[in-house]
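File shown: model_14.pdb (PDB, C-alpha atoms and all ligand atoms).
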```
MODEL        1
ATOM      1  CA  MET V   1      34.080-194.720  19.826
ATOM      2  CA  ASN V   2      32.947-191.402  18.374
ATOM      3  CA  ASP V   3      31.335-192.907  15.311
ATOM      4  CA  LYS V   4      28.065-190.967  15.103
ATOM      5  CA  ARG V   5      28.464-188.032  12.748
ATOM      6  CA  TYR V   6      26.573-184.725  12.699
ATOM      7  CA  ASP V   7      27.503-182.225   9.995
ATOM      8  CA  LEU V   8      26.606-178.981  11.780
ATOM      9  CA  HIS V   9      27.342-176.447   9.043
ATOM     10  CA  VAL V  10      25.674-176.884   5.653
ATOM     11  CA  HIS V  11      24.256-174.326   3.214
ATOM     12  CA  SER V  12      21.232-174.641   0.927
ATOM     13  CA  TRP V  13      19.792-172.524  -1.876
ATOM     14  CA  PHE V  14      18.422-170.155   0.790
ATOM     15  CA  SER V  15      22.011-168.826   0.960
ATOM     16  CA  ASN V  16      22.848-166.444  -1.861
ATOM     17  CA  ASP V  17      26.097-168.290  -2.649
ATOM     18  CA  CYS V  18      24.685-171.808  -2.830
ATOM     19  CA  LYS V  19      22.501-173.748  -5.277
ATOM     20  CA  SER V  20      21.903-176.952  -3.287
ATOM     21  CA  ASP V  21      18.301-178.164  -3.290
ATOM     22  CA  PRO V  22      17.158-178.891   0.305
ATOM     23  CA  LYS V  23      15.668-182.245  -0.695
ATOM     24  CA  ASP V  24      18.941-183.336  -2.328
ATOM     25  CA  ILE V  25      20.916-182.233   0.743
ATOM     26  CA  LEU V  26      18.875-184.494   2.999
ATOM     27  CA  LYS V  27      19.142-187.444   0.619
ATOM     28  CA  ILE V  28      22.937-187.105   0.326
ATOM     29  CA  ALA V  29      23.355-186.640   4.093
ATOM     30  CA  LYS V  30      21.471-189.854   4.696
ATOM     31  CA  LYS V  31      23.310-191.715   1.942
ATOM     32  CA  ASN V  32      26.644-190.595   3.438
ATOM     33  CA  GLY V  33      25.660-192.181   6.750
ATOM     34  CA  LEU V  34      25.275-189.008   8.800
ATOM     35  CA  SER V  35      23.102-189.183  11.919
ATOM     36  CA  GLY V  36      22.118-185.546  11.587
ATOM     37  CA  ILE V  37      22.655-182.290   9.751
ATOM     38  CA  ALA V  38      22.339-178.596  10.590
ATOM     39  CA  ILE V  39      21.322-176.306   7.748
ATOM     40  CA  THR V  40      22.931-172.967   8.579
ATOM     41  CA  ASP V  41      22.171-170.531   5.767
ATOM     42  CA  HIS V  42      23.651-167.044   5.720
ATOM     43  CA  ASN V  43      21.274-164.770   7.673
ATOM     44  CA  SER V  44      18.278-166.892   6.753
ATOM     45  CA  ALA V  45      16.203-169.506   8.548
ATOM     46  CA  ARG V  46      13.884-170.041   5.586
ATOM     47  CA  PHE V  47      14.865-173.700   5.317
ATOM     48  CA  HIS V  48      13.547-174.288   8.837
ATOM     49  CA  GLN V  49      10.284-172.469   8.243
ATOM     50  CA  LYS V  50       9.420-175.155   5.691
ATOM     51  CA  ASN V  51       8.924-178.684   6.780
ATOM     52  CA  PHE V  52      11.792-180.496   5.076
ATOM     53  CA  LYS V  53      12.498-183.905   6.573
ATOM     54  CA  ILE V  54      13.625-187.408   5.785
ATOM     55  CA  ASP V  55      13.342-190.544   7.917
ATOM     56  CA  GLY V  56      16.370-191.470   9.989
ATOM     57  CA  LEU V  57      18.139-188.106   9.874
ATOM     58  CA  LEU V  58      18.028-185.545  12.675
ATOM     59  CA  ILE V  59      17.622-182.035  11.251
ATOM     60  CA  ILE V  60      19.042-179.344  13.478
ATOM     61  CA  PRO V  61      17.766-175.793  12.928
ATOM     62  CA  GLY V  62      20.393-173.110  12.584
ATOM     63  CA  VAL V  63      21.563-169.855  11.001
ATOM     64  CA  GLU V  64      25.010-168.457  10.149
ATOM     65  CA  ILE V  65      24.851-164.815  11.168
ATOM     66  CA  SER V  66      27.074-162.055   9.793
ATOM     67  CA  THR V  67      28.107-159.947  12.780
ATOM     68  CA  LYS V  68      30.117-156.742  12.658
ATOM     69  CA  LYS V  69      33.288-158.768  13.113
ATOM     70  CA  GLY V  70      32.623-162.045  11.341
ATOM     71  CA  HIS V  71      30.466-165.144  11.331
ATOM     72  CA  VAL V  72      28.631-166.684  14.294
ATOM     73  CA  ILE V  73      26.370-169.756  14.061
ATOM     74  CA  GLY V  74      23.247-170.223  16.146
ATOM     75  CA  LEU V  75      22.233-173.894  16.428
ATOM     76  CA  GLY V  76      18.745-174.846  17.586
ATOM     77  CA  ILE V  77      17.118-171.599  16.465
ATOM     78  CA  LYS V  78      14.475-171.256  13.762
ATOM     79  CA  GLU V  79      14.661-167.527  13.259
ATOM     80  CA  THR V  80      17.450-165.247  12.208
ATOM     81  CA  ILE V  81      19.028-162.426  14.176
ATOM     82  CA  GLU V  82      19.774-159.041  12.678
ATOM     83  CA  LYS V  83      23.106-158.663  10.888
ATOM     84  CA  ARG V  84      25.988-156.484  11.993
ATOM     85  CA  LEU V  85      25.489-156.665  15.731
ATOM     86  CA  SER V  86      28.619-157.259  17.783
ATOM     87  CA  PRO V  87      29.602-160.918  18.239
ATOM     88  CA  GLU V  88      28.825-160.556  21.972
ATOM     89  CA  GLU V  89      25.276-159.295  21.313
ATOM     90  CA  THR V  90      24.713-161.975  18.695
ATOM     91  CA  VAL V  91      25.787-164.762  21.055
ATOM     92  CA  GLU V  92      23.485-163.370  23.768
ATOM     93  CA  LYS V  93      20.517-163.289  21.403
ATOM     94  CA  ILE V  94      21.133-166.885  20.333
ATOM     95  CA  ILE V  95      21.191-167.997  23.960
ATOM     96  CA  ASP V  96      18.024-165.978  24.717
ATOM     97  CA  LEU V  97      16.292-167.874  21.914
ATOM     98  CA  GLY V  98      17.308-171.167  23.543
ATOM     99  CA  GLY V  99      20.030-171.915  21.038
ATOM    100  CA  LEU V 100      23.712-172.753  21.182
ATOM    101  CA  ALA V 101      26.255-170.350  19.707
ATOM    102  CA  THR V 102      29.228-171.859  17.930
ATOM    103  CA  ILE V 103      31.972-169.885  16.246
ATOM    104  CA  PRO V 104      32.671-171.165  12.726
ATOM    105  CA  HIS V 105      36.165-171.029  11.184
ATOM    106  CA  PRO V 106      37.265-168.535  13.902
ATOM    107  CA  PHE V 107      40.836-168.154  12.686
ATOM    108  CA  ASP V 108      40.144-168.160   8.941
ATOM    109  CA  PHE V 109      40.841-164.516   8.113
ATOM    110  CA  THR V 110      40.075-165.174   4.426
ATOM    111  CA  ARG V 111      36.419-166.040   5.177
ATOM    112  CA  LYS V 112      35.145-163.764   7.937
ATOM    113  CA  GLY V 113      36.429-165.646  10.953
ATOM    114  CA  ILE V 114      36.000-163.456  14.043
ATOM    115  CA  GLY V 115      39.650-163.934  15.055
ATOM    116  CA  LYS V 116      40.877-162.934  18.496
ATOM    117  CA  ILE V 117      37.441-161.676  19.564
ATOM    118  CA  ILE V 118      36.637-165.312  20.258
ATOM    119  CA  TYR V 119      38.682-165.042  23.449
ATOM    120  CA  ASN V 120      36.201-162.452  24.836
ATOM    121  CA  LEU V 121      33.096-164.548  24.269
ATOM    122  CA  LYS V 122      31.333-166.581  26.914
ATOM    123  CA  LYS V 123      29.038-169.630  26.619
ATOM    124  CA  ILE V 124      30.184-170.543  23.145
ATOM    125  CA  ALA V 125      31.249-173.669  21.337
ATOM    126  CA  VAL V 126      34.028-173.648  18.758
ATOM    127  CA  GLU V 127      33.818-175.181  15.289
ATOM    128  CA  THR V 128      37.152-176.970  15.394
ATOM    129  CA  VAL V 129      36.987-178.538  11.946
ATOM    130  CA  ASN V 130      35.523-176.587   9.019
ATOM    131  CA  GLY V 131      35.545-178.408   5.674
ATOM    132  CA  SER V 132      35.910-175.209   3.657
ATOM    133  CA  CYS V 133      38.991-173.726   5.348
ATOM    134  CA  PRO V 134      41.608-173.212   2.627
ATOM    135  CA  ILE V 135      44.474-173.911   5.035
ATOM    136  CA  LYS V 136      44.444-176.712   7.571
ATOM    137  CA  SER V 137      46.284-174.699  10.224
ATOM    138  CA  PHE V 138      43.191-172.476  10.680
ATOM    139  CA  ASN V 139      41.390-175.582  11.965
ATOM    140  CA  THR V 140      44.376-176.751  14.007
ATOM    141  CA  LYS V 141      44.445-173.414  15.804
ATOM    142  CA  ALA V 142      40.714-173.614  16.575
ATOM    143  CA  LYS V 143      41.146-177.147  17.953
ATOM    144  CA  GLN V 144      44.045-176.112  20.178
ATOM    145  CA  MET V 145      42.104-173.112  21.459
ATOM    146  CA  ALA V 146      39.020-175.217  22.316
ATOM    147  CA  ILE V 147      41.147-177.749  24.199
ATOM    148  CA  GLU V 148      43.123-175.085  26.040
ATOM    149  CA  TYR V 149      39.980-173.239  27.187
ATOM    150  CA  ASN V 150      37.850-176.372  27.749
ATOM    151  CA  LEU V 151      35.239-175.211  25.262
ATOM    152  CA  PRO V 152      32.676-177.459  23.576
ATOM    153  CA  GLU V 153      33.453-178.480  19.995
ATOM    154  CA  THR V 154      31.374-178.627  16.842
ATOM    155  CA  GLY V 155      32.377-179.449  13.281
ATOM    156  CA  GLY V 156      30.874-179.008   9.856
ATOM    157  CA  SER V 157      31.592-179.216   6.169
ATOM    158  CA  ASP V 158      30.390-175.657   5.400
ATOM    159  CA  ALA V 159      29.244-177.403   2.216
ATOM    160  CA  HIS V 160      28.054-175.097  -0.541
ATOM    161  CA  ARG V 161      27.868-178.083  -2.952
ATOM    162  CA  LEU V 162      26.220-181.460  -2.446
ATOM    163  CA  LYS V 163      29.453-183.400  -2.862
ATOM    164  CA  ASP V 164      31.063-181.798   0.205
ATOM    165  CA  ILE V 165      28.330-182.732   2.695
ATOM    166  CA  GLY V 166      29.716-184.755   5.585
ATOM    167  CA  MET V 167      33.407-184.116   4.965
ATOM    168  CA  ALA V 168      33.665-182.489   8.402
ATOM    169  CA  TYR V 169      31.351-183.036  11.350
ATOM    170  CA  ALA V 170      30.810-183.213  15.091
ATOM    171  CA  ALA V 171      31.365-186.759  16.290
ATOM    172  CA  CYS V 172      29.889-188.420  19.370
ATOM    173  CA  THR V 173      29.423-191.884  20.771
ATOM    174  CA  GLU V 174      25.658-192.025  20.903
ATOM    175  CA  GLU V 175      22.821-191.495  18.484
ATOM    176  CA  MET V 176      20.827-188.441  19.630
ATOM    177  CA  GLY V 177      17.043-188.707  19.643
ATOM    178  CA  THR V 178      16.305-184.986  19.614
ATOM    179  CA  VAL V 179      17.897-181.649  18.796
ATOM    180  CA  ASP V 180      17.917-180.785  22.514
ATOM    181  CA  ASP V 181      19.789-184.000  23.331
ATOM    182  CA  LEU V 182      22.430-183.151  20.758
ATOM    183  CA  LEU V 183      22.821-179.546  21.946
ATOM    184  CA  GLU V 184      23.136-180.790  25.519
ATOM    185  CA  ALA V 185      25.798-183.325  24.492
ATOM    186  CA  ILE V 186      27.739-180.512  22.788
ATOM    187  CA  ARG V 187      27.469-178.276  25.870
ATOM    188  CA  LYS V 188      28.744-181.136  28.036
ATOM    189  CA  ARG V 189      31.726-181.515  25.702
ATOM    190  CA  LYS V 190      30.783-184.988  24.541
ATOM    191  CA  THR V 191      31.418-184.088  20.897
ATOM    192  CA  THR V 192      34.599-183.458  18.941
ATOM    193  CA  GLY V 193      35.160-181.748  15.613
ATOM    194  CA  GLU V 194      36.427-184.285  13.049
ATOM    195  CA  GLY V 195      36.936-184.721   9.323
ATOM    196  CA  THR V 196      38.935-182.858   6.756
ATOM    197  CA  ASN V 197      39.046-179.685   4.646
ATOM    198  CA  LEU V 198      38.976-179.122   0.882
ATOM    199  CA  THR V 199      42.266-178.893  -0.984
ATOM    200  CA  ILE V 200      43.144-175.515  -2.491
ATOM    201  CA  GLY V 201      42.426-176.937  -5.966
ATOM    202  CA  GLU V 202      38.967-178.139  -4.966
ATOM    203  CA  LYS V 203      38.263-174.775  -3.314
ATOM    204  CA  MET V 204      38.977-173.007  -6.589
ATOM    205  CA  ILE V 205      36.708-175.355  -8.515
ATOM    206  CA  ARG V 206      34.008-174.839  -5.888
ATOM    207  CA  THR V 207      34.221-171.046  -6.123
ATOM    208  CA  PHE V 208      33.596-171.341  -9.844
ATOM    209  CA  GLN V 209      30.714-173.790  -9.379
ATOM    210  CA  ILE V 210      28.828-171.800  -6.776
ATOM    211  CA  HIS V 211      29.128-168.396  -8.404
ATOM    212  CA  PHE V 212      28.591-169.124 -12.100
TER     213      PHE V 212
HETATM  214 ZN    ZN R   1      31.209-168.629   7.474
HETATM  215 ZN    ZN R   2      29.077-171.265   6.174
ENDMDL
END
```
Step by step, read the file and then write its structure as structure tokens.
Amino acid sequence: MNDKRYDLHVHSWFSNDCKSDPKDILKIAKKNGLSGIAITDHNSARFHQKNFKIDGLLIIPGVEISTKKGHVIGLGIKETIEKRLSPEETVEKIIDLGGLATIPHPFDFTRKGIGKIIYNLKKIAVETVNGSCPIKSFNTKAKQMAIEYNLPETGGSDAHRLKDIGMAYAACTEEMGTVDDLLEAIRKRKTTGEGTNLTIGEKMIRTFQIHF
């Protein structure tokens, strides 16, 4: 049973559109029963340059990078990559740094999904459930694409507020001891994207909460 949950897309106050305190994020993630969490701030790895930790929760380094064509996440990297490169170059740089590239909300054209370019990319995973997609079919399309092309799956809440942490996640059968073990399990397609997305009403409330 895929009952171990890793929320692989969470923002903290090191993102300019998020106010979540890193210490609170870790507490909530643990309280919600997650096995691990990736903090993936926009173009910033500052979270991972500090030593935030909490017992019993695997913290996966990561960054959400703004490429020329949309967002790309690097998991397992503790430094950021310059903005506005092509998605191809960005993926290559993530791999060179020893990380795993996953494409968040690829078909969400309202939030910088990279769209059809995903079909040109190699050695990627696909975020098949994103908790912040305004329309469920964006996630459905990502899931179908990953299955059709045999690509590894990740999942994440894309939480910009504490209450959304853990609503979407990558699920797997085993508890992972290290970040490398988890990345390897993803590459071997032992994980699936699971969970749900915010309703349109909640999205509107969230927009208000994170910007004002
Ligand atoms: Zn994004
Ligand atoms: Zn995000």
How would you write, as a PyMOL selection string, the residues chosen by the PyMOL selection byres (((not hetatm)) within 9 of (chain R and resi 2)) on this structure?
chain V and resi 9-11+40-42+64+71+73+104-105+130+132+156-160
V:Gly195, V:Gly98, V:Gly155, V:Gly70 ranked by distance to ligand ZN 1 (chain R), top pick (using all atoms listed in the file)
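Under the stated criterion, the closest residue is V:Gly70.
One finds atom CA of V:Glu153 at 26.0 Å from atom CA of V:Ile54.
For the residues V:Glu148, V:Asp96, V:Asp24, V:Asp181, ranking by smallest atom-to-atom distance to V:Tyr119 using all atoms listed in the file places V:Glu148 first.
When all atoms listed in the file are used to measure the gap to ligand ZN 1 (chain R), the shortest distance among V:Tyr6, V:Leu121, V:Val91, V:Cys133 belongs to V:Cys133.
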Could you please determine the separation between atom CA of V:Glu202 and atom CA of V:Gln144 in Å, to one decimal place?
25.7 Å
Residue nearest ligand ZN 1 (chain R) - candidates V:Ile39, V:Ile210, V:Leu85, V:Ile103, atoms counted: all atoms listed in the file
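Closest to ligand ZN 1 (chain R), using all atoms listed in the file: V:Ile103.
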Ground truth for the PyMOL selection byres (((chain V and resi 190-194) around 6) and not hetatm), written as a count of residues only:
15
For ligand ZN 1 (chain R), which residue among V:Asn139, V:Ser66, V:Asn150, V:Asn197 is the nearest when counting all atoms listed in the file?
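Smallest separation from ligand ZN 1 (chain R) among the options: V:Ser66.
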Nearest residue to V:Lys69 from the set V:Arg46, V:Lys203, V:Lys83, V:Lys93 (distances using all atoms listed in the file):
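With all atoms listed in the file as the atom set, the closest residue is V:Lys83.
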Can you turn the PyMOL selection byres (((chain V and resi 50) around 12) and not hetatm) into a concrete residue list for this file, as a ChimeraX atom specification?
/V:14,22-23,45-49,51-53,61,78-79
